[in-house]
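Undergrad: You'll find target_38.cif just under this line, and it carries mmCIF, C-alpha atoms.
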```cif
data_query
#
loop_
_atom_site.label_atom_id
_atom_site.label_comp_id
_atom_site.auth_asym_id
_atom_site.auth_seq_id
_atom_site.Cartn_x
_atom_site.Cartn_y
_atom_site.Cartn_z
CA MET A 1 -22.38 -36.82 -8.95
CA LYS A 2 -19.08 -36.98 -7.09
CA LEU A 3 -17.54 -33.63 -6.15
CA ARG A 4 -13.87 -32.87 -6.63
CA LYS A 5 -11.66 -33.51 -3.62
CA ASP A 6 -10.61 -29.85 -3.51
CA PHE A 7 -14.20 -28.60 -3.40
CA VAL A 8 -13.84 -27.72 0.29
CA VAL A 9 -10.51 -27.99 2.12
CA LEU A 10 -10.20 -27.18 5.80
CA PRO A 11 -8.03 -24.12 6.59
CA THR A 12 -4.41 -24.91 7.34
CA LEU A 13 -1.75 -23.11 9.31
CA ARG A 14 0.61 -22.04 6.54
CA SER A 15 3.44 -21.47 9.02
CA ASN A 16 3.62 -25.26 9.37
CA ASP A 17 4.67 -25.46 5.73
CA ASP A 18 8.33 -25.66 4.81
CA GLN A 19 9.31 -21.99 5.06
CA SER A 20 12.44 -22.62 3.00
CA LEU A 21 10.29 -23.31 -0.08
CA GLU A 22 9.30 -20.37 -2.21
CA LYS A 23 5.61 -19.59 -2.45
CA HIS A 24 4.30 -17.33 -5.18
CA SER A 25 1.07 -15.47 -5.77
CA ASP A 26 -1.56 -17.39 -7.68
CA TRP A 27 -3.67 -16.09 -10.55
CA LEU A 28 -6.68 -15.37 -8.36
CA GLU A 29 -4.62 -13.19 -6.05
CA LEU A 30 -3.40 -11.18 -9.03
CA LEU A 31 -6.96 -10.67 -10.25
CA TYR A 32 -7.90 -9.63 -6.72
CA ASP A 33 -5.17 -6.96 -6.78
CA LEU A 34 -6.45 -5.51 -10.05
CA ILE A 35 -9.97 -5.07 -8.67
CA PHE A 36 -8.59 -3.07 -5.75
CA VAL A 37 -6.48 -0.96 -8.09
CA ALA A 38 -9.69 -0.10 -9.95
CA ALA A 39 -11.01 1.37 -6.69
CA ILE A 40 -7.77 3.28 -6.08
CA SER A 41 -7.88 4.65 -9.64
CA GLN A 42 -11.24 6.26 -8.82
CA ILE A 43 -9.63 8.12 -5.92
CA ALA A 44 -6.81 9.14 -8.26
CA LEU A 45 -9.30 10.48 -10.80
CA ASN A 46 -11.04 12.48 -8.12
CA LEU A 47 -7.72 13.89 -6.94
CA SER A 48 -6.72 14.78 -10.50
CA ALA A 49 -10.00 16.61 -11.06
CA ASN A 50 -9.72 18.51 -7.75
CA TYR A 51 -6.01 18.82 -7.00
CA THR A 52 -6.37 20.81 -3.79
CA PRO A 53 -5.10 20.29 -0.24
CA ILE A 54 -8.64 19.60 0.99
CA THR A 55 -9.29 16.94 -1.66
CA PHE A 56 -5.88 15.40 -0.97
CA LEU A 57 -6.59 15.21 2.77
CA GLU A 58 -10.08 13.82 2.11
CA SER A 59 -8.55 11.12 -0.09
CA ILE A 60 -6.27 9.80 2.65
CA PRO A 61 -8.87 7.96 4.81
CA LEU A 62 -10.63 6.58 1.71
CA PHE A 63 -7.32 5.41 0.29
CA PHE A 64 -6.36 3.86 3.62
CA ALA A 65 -9.69 2.03 3.91
CA ILE A 66 -9.20 0.45 0.49
CA TRP A 67 -5.56 -0.43 1.14
CA TRP A 68 -6.48 -1.85 4.55
CA GLY A 69 -9.21 -3.97 2.97
CA TRP A 70 -6.68 -5.38 0.52
CA SER A 71 -4.14 -6.00 3.28
CA GLY A 72 -6.67 -7.86 5.45
CA HIS A 73 -7.47 -10.50 2.84
CA THR A 74 -3.81 -10.71 1.78
CA PHE A 75 -2.69 -11.57 5.31
CA TYR A 76 -5.51 -14.08 5.71
CA LEU A 77 -4.53 -15.93 2.54
CA ASP A 78 -0.86 -15.88 3.49
CA ARG A 79 -1.49 -17.44 6.90
CA PHE A 80 -4.52 -19.68 6.37
CA GLY A 81 -5.45 -19.67 2.69
CA THR A 82 -6.32 -22.87 0.82
CA ASP A 83 -6.81 -23.00 -2.92
CA ASP A 84 -10.14 -24.79 -2.77
CA ILE A 85 -13.45 -23.95 -4.44
CA LEU A 86 -14.92 -22.34 -1.29
CA ASN A 87 -11.92 -20.03 -0.87
CA ARG A 88 -12.10 -19.06 -4.53
CA ALA A 89 -15.82 -18.35 -4.26
CA LEU A 90 -15.34 -16.15 -1.17
CA THR A 91 -12.47 -14.30 -2.84
CA MET A 92 -14.57 -13.70 -5.94
CA LEU A 93 -17.44 -12.51 -3.74
CA GLN A 94 -15.06 -10.01 -2.18
CA MET A 95 -14.13 -8.85 -5.68
CA VAL A 96 -17.79 -8.11 -6.36
CA VAL A 97 -17.93 -6.08 -3.16
CA VAL A 98 -14.72 -4.24 -4.06
CA ALA A 99 -16.21 -3.43 -7.46
CA SER A 100 -19.09 -1.84 -5.55
CA LEU A 101 -16.53 0.08 -3.50
CA ALA A 102 -14.93 1.33 -6.71
CA VAL A 103 -18.29 2.57 -7.98
CA ASN A 104 -19.06 4.42 -4.75
CA VAL A 105 -15.68 5.69 -3.59
CA ARG A 106 -15.34 8.68 -5.91
CA ASN A 107 -18.32 10.47 -4.33
CA ALA A 108 -18.18 8.69 -0.98
CA LEU A 109 -18.00 11.98 0.91
CA THR A 110 -21.05 13.42 -0.84
CA THR A 111 -23.73 11.37 -2.60
CA THR A 112 -22.60 7.73 -2.41
CA GLY A 113 -21.48 7.47 1.22
CA GLU A 114 -24.17 4.93 2.08
CA GLY A 115 -23.12 2.59 -0.70
CA PHE A 116 -19.45 2.90 0.20
CA ALA A 117 -20.09 2.17 3.89
CA ILE A 118 -22.29 -0.85 3.19
CA SER A 119 -19.83 -2.25 0.65
CA TYR A 120 -16.91 -1.86 3.03
CA ALA A 121 -18.86 -3.42 5.90
CA VAL A 122 -19.71 -6.47 3.77
CA LEU A 123 -16.07 -6.78 2.71
CA ARG A 124 -14.93 -6.89 6.33
CA PHE A 125 -17.76 -9.22 7.43
CA ILE A 126 -16.59 -11.76 4.84
CA LEU A 127 -13.09 -11.58 6.33
CA VAL A 128 -14.53 -12.03 9.83
CA ALA A 129 -16.44 -15.13 8.67
CA GLN A 130 -13.21 -16.57 7.28
CA TYR A 131 -11.39 -16.03 10.57
CA ILE A 132 -14.27 -17.59 12.54
CA ARG A 133 -14.04 -20.65 10.30
CA VAL A 134 -10.30 -20.87 10.90
CA GLY A 135 -10.79 -20.62 14.67
CA ARG A 136 -13.27 -23.49 14.64
CA ASN A 137 -10.97 -25.78 12.69
CA LEU A 138 -7.58 -24.77 14.08
CA PRO A 139 -7.63 -24.54 17.90
CA ASP A 140 -3.98 -23.43 17.99
CA ALA A 141 -4.84 -20.35 15.93
CA ARG A 142 -7.92 -19.48 17.99
CA PRO A 143 -6.22 -16.81 20.19
CA LEU A 144 -5.28 -14.88 17.06
CA THR A 145 -8.48 -15.44 15.08
CA ARG A 146 -10.64 -14.52 18.09
CA ARG A 147 -8.96 -11.13 18.40
CA TYR A 148 -9.26 -10.55 14.67
CA SER A 149 -12.89 -11.68 14.53
CA ILE A 150 -13.93 -9.43 17.42
CA GLY A 151 -11.94 -6.36 16.37
CA PHE A 152 -12.73 -6.52 12.66
CA GLY A 153 -16.34 -7.47 13.45
CA ILE A 154 -16.84 -4.41 15.67
CA ALA A 155 -15.34 -2.17 12.99
CA ALA A 156 -17.52 -3.71 10.27
CA THR A 157 -20.62 -3.18 12.42
CA ILE A 158 -19.72 0.49 12.87
CA TRP A 159 -19.30 0.80 9.09
CA LEU A 160 -22.74 -0.72 8.56
CA ILE A 161 -24.40 1.54 11.13
CA SER A 162 -22.77 4.60 9.57
CA ALA A 163 -24.64 3.97 6.33
CA PHE A 164 -27.85 5.00 8.10
CA ILE A 165 -26.38 8.05 9.84
CA PRO A 166 -26.43 11.40 8.02
CA ALA A 167 -23.27 13.33 7.25
CA PRO A 168 -21.15 14.70 8.86
CA TYR A 169 -21.73 12.32 11.79
CA ARG A 170 -21.29 9.39 9.40
CA PHE A 171 -17.69 10.38 8.84
CA VAL A 172 -17.03 10.42 12.58
CA LEU A 173 -18.14 6.77 12.69
CA TRP A 174 -15.86 6.03 9.75
CA GLY A 175 -12.95 7.42 11.71
CA VAL A 176 -13.85 5.31 14.73
CA ALA A 177 -14.22 2.19 12.57
CA LEU A 178 -10.85 2.73 10.90
CA PHE A 179 -9.22 3.28 14.29
CA VAL A 180 -10.68 0.02 15.67
CA ASP A 181 -9.66 -1.81 12.49
CA PHE A 182 -6.13 -0.43 12.64
CA LEU A 183 -5.77 -1.14 16.36
CA THR A 184 -6.90 -4.77 16.11
CA PRO A 185 -3.60 -6.28 14.81
CA PHE A 186 -1.66 -4.39 17.51
CA ARG A 187 -3.80 -6.04 20.19
CA ALA A 188 -2.57 -9.41 18.96
CA GLY A 189 0.95 -8.47 20.04
CA ASP A 190 3.38 -11.37 20.15
CA LEU A 191 0.79 -13.79 18.74
CA HIS A 192 2.08 -12.73 15.33
CA ILE A 193 5.34 -14.49 16.16
CA ASN A 194 3.47 -17.79 16.61
CA PHE A 195 1.78 -17.40 13.23
CA PRO A 196 4.43 -15.91 10.97
CA THR A 197 3.70 -14.95 7.41
CA HIS A 198 5.53 -16.67 4.57
CA PRO A 199 9.00 -15.11 4.02
CA THR A 200 8.63 -14.98 0.22
CA HIS A 201 4.88 -14.93 -0.45
CA LEU A 202 3.91 -11.83 1.54
CA PRO A 203 6.78 -9.61 0.28
CA GLU A 204 5.90 -10.69 -3.24
CA ARG A 205 2.23 -9.78 -2.70
CA PHE A 206 3.15 -6.30 -1.46
CA GLY A 207 5.68 -5.91 -4.24
CA LEU A 208 3.18 -6.86 -6.93
CA PHE A 209 0.57 -4.48 -5.55
CA THR A 210 3.16 -1.69 -5.49
CA ILE A 211 4.23 -2.32 -9.07
CA ILE A 212 0.59 -2.36 -10.22
CA ILE A 213 0.03 1.04 -8.58
CA ILE A 214 3.17 2.37 -10.30
CA GLY A 215 1.85 0.98 -13.58
CA GLU A 216 -1.53 2.60 -13.00
CA ALA A 217 0.22 5.94 -12.42
CA ILE A 218 2.09 5.55 -15.71
CA VAL A 219 -1.11 4.69 -17.55
CA SER A 220 -2.86 7.76 -16.13
CA VAL A 221 -0.07 10.02 -17.46
CA VAL A 222 -0.17 8.33 -20.87
CA VAL A 223 -3.96 8.80 -21.06
CA ALA A 224 -3.53 12.46 -20.10
CA ILE A 225 -1.05 12.94 -22.95
CA SER A 226 -3.46 11.39 -25.43
CA ASN A 227 -6.20 13.74 -24.21
CA VAL A 228 -4.06 16.88 -24.35
CA GLY A 229 -2.33 16.00 -27.60
CA PHE A 230 1.09 14.59 -28.40
CA ASN A 231 3.83 17.11 -29.11
CA LEU A 232 7.39 17.78 -28.00
CA TYR A 233 6.29 19.56 -24.83
CA THR A 234 3.87 16.84 -23.65
CA ALA A 235 6.32 14.13 -24.74
CA LEU A 236 9.04 15.60 -22.51
CA ILE A 237 6.65 15.82 -19.56
CA GLY A 238 5.55 12.25 -20.19
CA LEU A 239 9.20 11.16 -20.31
CA MET A 240 9.89 12.85 -16.98
CA GLY A 241 6.82 11.16 -15.51
CA LEU A 242 8.19 7.82 -16.67
CA LEU A 243 11.63 8.57 -15.22
CA ILE A 244 10.11 9.44 -11.84
CA SER A 245 8.04 6.23 -11.95
CA PHE A 246 11.12 4.22 -12.88
CA SER A 247 12.98 5.85 -9.98
CA ILE A 248 10.31 4.80 -7.49
CA TRP A 249 10.35 1.29 -8.96
CA TRP A 250 14.16 1.22 -8.65
CA GLY A 251 13.98 2.57 -5.13
CA TYR A 252 11.51 -0.08 -4.00
CA PHE A 253 12.94 -3.19 -5.64
CA GLU A 254 16.65 -2.32 -5.78
CA GLU A 255 17.48 0.29 -3.17
CA ALA A 256 15.02 -0.59 -0.37
CA GLY A 257 14.59 -4.28 -1.20
CA GLY A 258 10.90 -3.95 -0.41
CA ALA A 259 9.94 -7.26 -1.99
CA GLU A 260 12.85 -9.21 -0.50
CA ALA A 261 12.43 -11.73 2.30
CA ARG A 262 14.52 -9.73 4.77
CA VAL A 263 12.24 -8.27 7.41
CA GLN A 264 11.31 -11.57 9.05
CA ASP A 265 15.00 -12.36 9.52
CA ARG A 266 14.96 -9.75 12.27
CA GLY A 267 13.49 -12.31 14.66
CA ASP A 268 10.90 -11.21 17.19
CA GLN A 269 11.03 -7.48 16.46
CA ILE A 270 7.35 -7.11 15.63
CA ALA A 271 7.60 -3.31 15.52
CA LYS A 272 10.09 -3.43 12.62
CA TYR A 273 7.86 -5.88 10.78
CA GLN A 274 4.92 -3.52 11.25
CA LEU A 275 7.06 -0.62 10.07
CA TRP A 276 7.68 -2.49 6.82
CA ILE A 277 3.96 -3.16 6.38
CA TYR A 278 2.60 0.28 7.18
CA SER A 279 5.28 2.13 5.21
CA HIS A 280 3.62 0.81 2.06
CA PHE A 281 0.54 2.95 2.61
CA PRO A 282 2.28 6.38 2.41
CA LEU A 283 4.38 5.00 -0.45
CA LEU A 284 1.31 4.18 -2.53
CA LEU A 285 -0.43 7.40 -1.52
CA GLY A 286 2.64 9.37 -2.56
CA ILE A 287 2.77 7.64 -5.94
CA VAL A 288 -0.87 8.48 -6.66
CA GLY A 289 -0.48 12.09 -5.48
CA ALA A 290 2.69 12.68 -7.51
CA ALA A 291 1.10 11.20 -10.65
CA ALA A 292 -1.85 13.57 -10.33
CA GLY A 293 0.58 16.48 -10.06
CA ILE A 294 2.42 15.43 -13.22
CA LYS A 295 -0.91 15.33 -15.04
CA HIS A 296 -1.58 18.91 -13.93
CA VAL A 297 1.79 20.01 -15.35
CA LEU A 298 0.68 18.41 -18.62
CA MET A 299 -2.40 20.60 -18.70
CA LEU A 300 -0.36 23.81 -18.48
CA PRO A 301 0.58 25.84 -21.55
CA TYR A 302 4.33 25.92 -22.11
CA GLY A 303 6.02 28.35 -19.72
CA SER A 304 3.06 28.65 -17.35
CA GLU A 305 3.48 28.37 -13.61
CA LEU A 306 1.84 25.59 -11.65
CA SER A 307 -0.21 27.00 -8.81
CA SER A 308 1.54 27.12 -5.45
CA THR A 309 -0.81 24.57 -3.87
CA ASP A 310 -0.46 22.19 -6.83
CA THR A 311 3.32 22.42 -6.62
CA TRP A 312 3.34 21.73 -2.89
CA ILE A 313 1.00 18.74 -3.19
CA MET A 314 3.17 17.21 -5.93
CA CYS A 315 6.42 17.80 -4.04
CA ILE A 316 5.04 16.58 -0.72
CA SER A 317 3.60 13.48 -2.40
CA LEU A 318 6.92 12.59 -4.00
CA ALA A 319 8.83 13.32 -0.79
CA VAL A 320 6.45 11.07 1.16
CA ALA A 321 6.99 8.27 -1.37
CA LEU A 322 10.78 8.59 -1.13
CA LEU A 323 10.69 8.76 2.68
CA SER A 324 8.58 5.60 2.72
CA LEU A 325 11.23 3.85 0.66
CA SER A 326 13.81 4.77 3.31
CA LEU A 327 11.57 3.44 6.07
CA ILE A 328 11.13 0.18 4.18
CA PHE A 329 14.91 -0.08 3.86
CA ILE A 330 15.45 0.66 7.56
CA SER A 331 12.84 -1.93 8.56
CA SER A 332 15.23 -4.76 7.68
CA PHE A 333 17.66 -3.70 10.43
CA ARG A 334 17.35 -4.19 14.16
CA TRP A 335 16.55 -1.16 16.30
CA ASP A 336 20.04 -1.14 17.79
CA ASP A 337 21.60 -1.37 14.34
CA CYS A 338 19.59 1.65 13.17
CA LYS A 339 21.66 3.75 15.58
CA SER A 340 24.87 2.66 13.88
CA ARG A 341 26.89 5.67 12.73
CA LEU A 342 27.88 3.83 9.55
CA LEU A 343 24.26 3.27 8.58
CA LEU A 344 23.26 6.84 9.40
CA VAL A 345 26.12 8.30 7.36
CA PHE A 346 25.40 5.93 4.47
CA ARG A 347 21.77 7.10 4.29
CA ILE A 348 22.46 10.86 4.55
CA PRO A 349 22.47 11.42 0.76
CA TYR A 350 18.99 9.86 0.50
CA TYR A 351 17.65 12.13 3.23
CA LEU A 352 19.18 15.16 1.52
CA ILE A 353 17.39 14.22 -1.72
CA ILE A 354 14.09 13.96 0.17
CA ILE A 355 14.63 17.39 1.75
CA LEU A 356 15.47 18.93 -1.65
CA VAL A 357 12.35 17.39 -3.20
CA LEU A 358 10.28 18.94 -0.42
CA LEU A 359 12.00 22.34 -0.71
CA THR A 360 11.25 22.39 -4.44
CA GLY A 361 7.73 23.34 -3.41
CA PHE A 362 8.98 26.88 -2.76
CA LEU A 363 9.81 27.24 -6.46
CA GLY A 364 6.19 26.96 -7.58
CA THR A 365 5.76 30.74 -7.69
CA ILE A 366 9.14 31.34 -9.30
CA LEU A 367 9.60 28.74 -12.03
CA PRO A 368 7.24 27.33 -14.67
CA GLY A 369 5.66 23.99 -13.82
CA PHE A 370 7.77 22.32 -16.51
CA LEU A 371 11.03 23.38 -14.82
CA VAL A 372 9.75 22.31 -11.41
CA LEU A 373 9.15 18.86 -12.86
CA VAL A 374 12.64 18.92 -14.40
CA ILE A 375 14.14 19.53 -10.94
CA LEU A 376 12.12 16.70 -9.37
CA THR A 377 13.18 14.36 -12.17
CA VAL A 378 16.87 15.25 -11.75
CA LEU A 379 16.63 14.65 -8.00
CA CYS A 380 15.05 11.22 -8.56
CA ILE A 381 17.80 10.30 -11.05
CA ALA A 382 20.41 11.49 -8.55
CA LYS A 383 18.85 9.22 -5.91
CA ASP A 384 19.15 6.25 -8.26
CA LEU A 385 22.79 7.06 -9.03
CA ILE A 386 23.52 7.27 -5.30
CA SER A 387 21.98 3.81 -4.84
CA LEU A 388 24.66 2.39 -7.18
CA ARG A 389 27.24 2.79 -4.42
CA GLU A 390 28.57 -0.42 -2.98
CA ILE A 391 27.16 -1.04 0.47
CA PRO A 392 30.01 -1.33 3.02
CA ASP A 393 30.50 -4.78 4.47
CA GLU A 394 30.02 -3.39 7.96
CA ILE A 395 26.47 -2.40 7.05
CA CYS A 396 25.74 -5.68 5.26
CA ASN A 397 26.70 -7.54 8.44
CA LEU A 398 24.37 -5.55 10.70
#
```
As structure tokens - that is how I would like this structure written.
TA:
Amino acid sequence: MKLRKDFVVLPTLRSNDDQSLEKHSDWLELLYDLIFVAAISQIALNLSANYTPITFLESIPLFFAIWWGWSGHTFYLDRFGTDDILNRALTMLQMVVVASLAVNVRNALTTTGEGFAISYAVLRFILVAQYIRVGRNLPDARPLTRRYSIGFGIAATIWLISAFIPAPYRFVLWGVALFVDFLTPFRAGDLHINFPTHPTHLPERFGLFTIIIIGEAIVSVVVAISNVGFNLYTALIGLMGLLISFSIWWGYFEEAGGAEARVQDRGDQIAKYQLWIYSHFPLLLGIVGAAAGIKHVLMLPYGSELSSTDTWIMCISLAVALLSLSLIFISSFRWDDCKSRLLLVFRIPYYLIIILVLLTGFLGTILPGFLVLVILTVLCIAKDLISLREIPDEICNL
């Protein structure tokens, strides 16, 4: 039997491709995204069931670990991915591991911590194996892949060891592992310039993942309405939830241009490129946190006040999401241009909206939860109307 020619294809340096050609996500990458969203939805369910500051803070490292796992494979595929059978098999294997993550993440801090740690370690070890393979076949990429293999390998080992350490010491190891994982790309420094990501593929990948998270937030609100019962009150809350979701979508794709191929045009400013990347994490966290808050408003009888802590979590989550959109917008400008008075003045209305969203938290003990949500919705609509202003030519030329 003769095997297909694409059964195994050696890794290639994607930066050698024609960067002027558009490159889009393939169907396997989209399926990969959905598996990760399933894991994030478990965190969202846990947050909805226990909408407290402690649960919210506990969700942050778990959410980051999952997002970081998704980002790691996404960057690998963008730089070195080949659509051969071996790559597909490894990607599908990672999906199996992520499914295990999704099963274990909801109670990762209590009863299923061992399973979560082992699953995450396996996920990262697969990525390390892929980078080792790239280093063996592409000598030019070896300085980058060596740093990634060592850093991610150390972190994965710590994750694996933590599975056999009792709580709370296990969580200390998780923190160390996440720190090592997070620090690894920074150690590569200017090597990122030698192996640039694709100017259209990577923004599209981040944009698609963002829109899927927004969609998941909408679905969670719709499911909550069906559970509570459809009436005029729940319909209005659902409508406001949709308007806030639409506003975040508008802010990302229209106002901030998050999925546009702009950041890499800034040349060798690695810090601005990293700002664009890492701003997506608080954005997604804010979306999930705000959606959980809207679901809690749904559960209230008409005219009832949302608890003070619930109100603050919802307002802070939405403010964090909106601030992240501003950071994504700013990331497409050079550091010197960010100091431009024109740009600062142009962005003042957005910052005022963010401050007002945050200050709305003080109204939790004064107004019913429904009216608090009305205020947040009006502020989001106002932000979208502000974004309809024509950008001055002086700013466009920065």
Undergrad: Which residues come within 6 Å of region 319-322 of chain A, counting only C-alpha atoms, excluding same-chain residues fewer than 3 positions away, as an mmCIF file with C-alpha atoms, in the coordinates of the input?
TA:
```cif
data_model
loop_
_atom_site.group_PDB
_atom_site.id
_atom_site.type_symbol
_atom_site.label_atom_id
_atom_site.label_comp_id
_atom_site.auth_asym_id
_atom_site.auth_seq_id
_atom_site.Cartn_x
_atom_site.Cartn_y
_atom_site.Cartn_z
ATOM 1 C CA LEU A 283 4.380 5.000 -0.450
ATOM 2 C CA GLY A 286 2.640 9.370 -2.560
ATOM 3 C CA ILE A 316 5.040 16.580 -0.720
ATOM 4 C CA LEU A 325 11.230 3.850 0.660
ATOM 5 C CA ILE A 354 14.090 13.960 0.170
ATOM 6 C CA VAL A 357 12.350 17.390 -3.200
ATOM 7 C CA LEU A 358 10.280 18.940 -0.420
#
```
Undergrad: Go through A:Trp159, A:Tyr131, A:Phe195, A:Phe182 and flag the residue nearest Phe116 (chain A), using all atoms listed in the file for the distances.
TA: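 Of the candidates, the smallest distance to Phe116 (chain A) is held by A:Trp159.
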Undergrad: Just how far from CA of Phe281 (chain A) is CA of Ala382 (chain A), in Å to one decimal?
TA: 24.3 Å
Undergrad: Apply the PyMOL selection byres ((chain A and resi 161) around 10) to the structure shown and report the selected residues as a ChimeraX atom specification.
TA: /A:114,117-118,121,155-160,162-165,170,173-174
Undergrad: List as a PDB file with C-alpha atoms, in the frame of the given file the protein and nucleic acid residues near region 301-307 of chain A, meaning an atom at most 7 Å away when all atoms listed in the file are counted, but skip any in the same chain fewer than 2 places from it.
TA:
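Wrote it out as part-v8.pdb, contents follow:
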```pdb
ATOM      1  CA  VAL A 297       1.790  20.010 -15.350  1.00  0.00           C
ATOM      2  CA  MET A 299      -2.400  20.600 -18.700  1.00  0.00           C
ATOM      3  CA  THR A 309      -0.810  24.570  -3.870  1.00  0.00           C
ATOM      4  CA  ASP A 310      -0.460  22.190  -6.830  1.00  0.00           C
ATOM      5  CA  THR A 311       3.320  22.420  -6.620  1.00  0.00           C
ATOM      6  CA  GLY A 364       6.190  26.960  -7.580  1.00  0.00           C
ATOM      7  CA  THR A 365       5.760  30.740  -7.690  1.00  0.00           C
ATOM      8  CA  LEU A 367       9.600  28.740 -12.030  1.00  0.00           C
ATOM      9  CA  PRO A 368       7.240  27.330 -14.670  1.00  0.00           C
ATOM     10  CA  GLY A 369       5.660  23.990 -13.820  1.00  0.00           C
TER      11      GLY A 369
END
```
Undergrad: Considering only C-alpha atoms, state which residue in the set A:Leu28, A:Val97, A:Pro392, A:Arg187 is at the smallest distance from Gly69 (chain A).
TA: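 Closest to Gly69 (chain A), using only C-alpha atoms: A:Val97.
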Undergrad: Which region 315-395 of chain A residues have any atom within 12 Å of an atom of region 232-241 of chain A, and for each, what is the nearest pair of atoms with distance in Å to one decimal, counting all atoms listed in the file, rows sorted by chain and number, as a tab-separated table?
TA:
```
residue	atom	partner	partner_atom	distance
A:Leu318	CA	A:Gly241	CA	11.6
A:Gly369	CA	A:Ile237	CA	10.0
A:Phe370	CA	A:Ile237	CA	7.3
A:Leu371	CA	A:Ile237	CA	9.9
A:Val372	CA	A:Ile237	CA	10.9
A:Leu373	CA	A:Met240	CA	7.3
A:Val374	CA	A:Met240	CA	7.1
A:Ile375	CA	A:Met240	CA	10.0
A:Leu376	CA	A:Met240	CA	8.8
A:Thr377	CA	A:Met240	CA	6.0
A:Val378	CA	A:Met240	CA	9.0
A:Leu379	CA	A:Met240	CA	11.4
A:Cys380	CA	A:Met240	CA	10.0
A:Ile381	CA	A:Met240	CA	10.2
```
Undergrad: Rank nothing, just name the residue among A:Gly115, A:Gly293, A:Pro53, A:Gly81 nearest to Ala224 (chain A), using all atoms listed in the file.
TA: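 Residue with the minimum atom-to-atom distance to Ala224 (chain A): A:Gly293.
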Undergrad: With 12 Å as the threshold, what does the neighbourhood of (-7.1, 8.1, -10.2) contain in terms of residues, counting only C-alpha atoms? Coordinates are those of the file; answer as a ChimeraX atom specification.
TA: /A:37-51,56,59,63,102,105-106,213-221,223-224,285,287-293,295
Undergrad: Find the distance between CA of Leu30 (chain A) and CA of Arg205 (chain A) and write it in Å to one decimal.
TA: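 About the pair CA of Leu30 (chain A) and CA of Arg205 (chain A): they are 8.6 Å apart.
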Undergrad: Return the single residue from A:His192, A:Trp250, A:Asp84, A:Phe206 that is closest to Ser71 (chain A), with distances computed using all atoms listed in the file.
TA: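 Between A:His192, A:Trp250, A:Asp84, A:Phe206, the residue approaching Ser71 (chain A) most closely is A:Phe206.
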Undergrad: How many Å lie between CA of Arg79 (chain A) and CA of Pro11 (chain A), rounded to one decimal?
TA: 9.4 Å
Undergrad: Choose the residue, out of A:Leu144, A:Leu385, A:Leu243, A:Leu31, that has the smallest atom-to-atom separation from Arg88 (chain A); count all atoms listed in the file.
TA: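 When distances to Arg88 (chain A) are compared using all atoms listed in the file, the smallest one comes from A:Leu31.
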Undergrad: So, counting only C-alpha atoms, which residue among A:Tyr120, A:Phe36, A:Tyr252, A:Tyr148 is closest to Phe186 (chain A)?
TA: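 Counting only C-alpha atoms, the residue closest to Phe186 (chain A) is A:Tyr148.
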Undergrad: Can you tell me which residues surround Val180 (chain A) at a distance of at most 8 Å, considering only C-alpha atoms, apart from same-chain residues fewer than 4 positions away, and format the answer as a list in words?
TA: Gly151, Phe152, Ile154, Ala155, Val176 and Thr184 of chain A
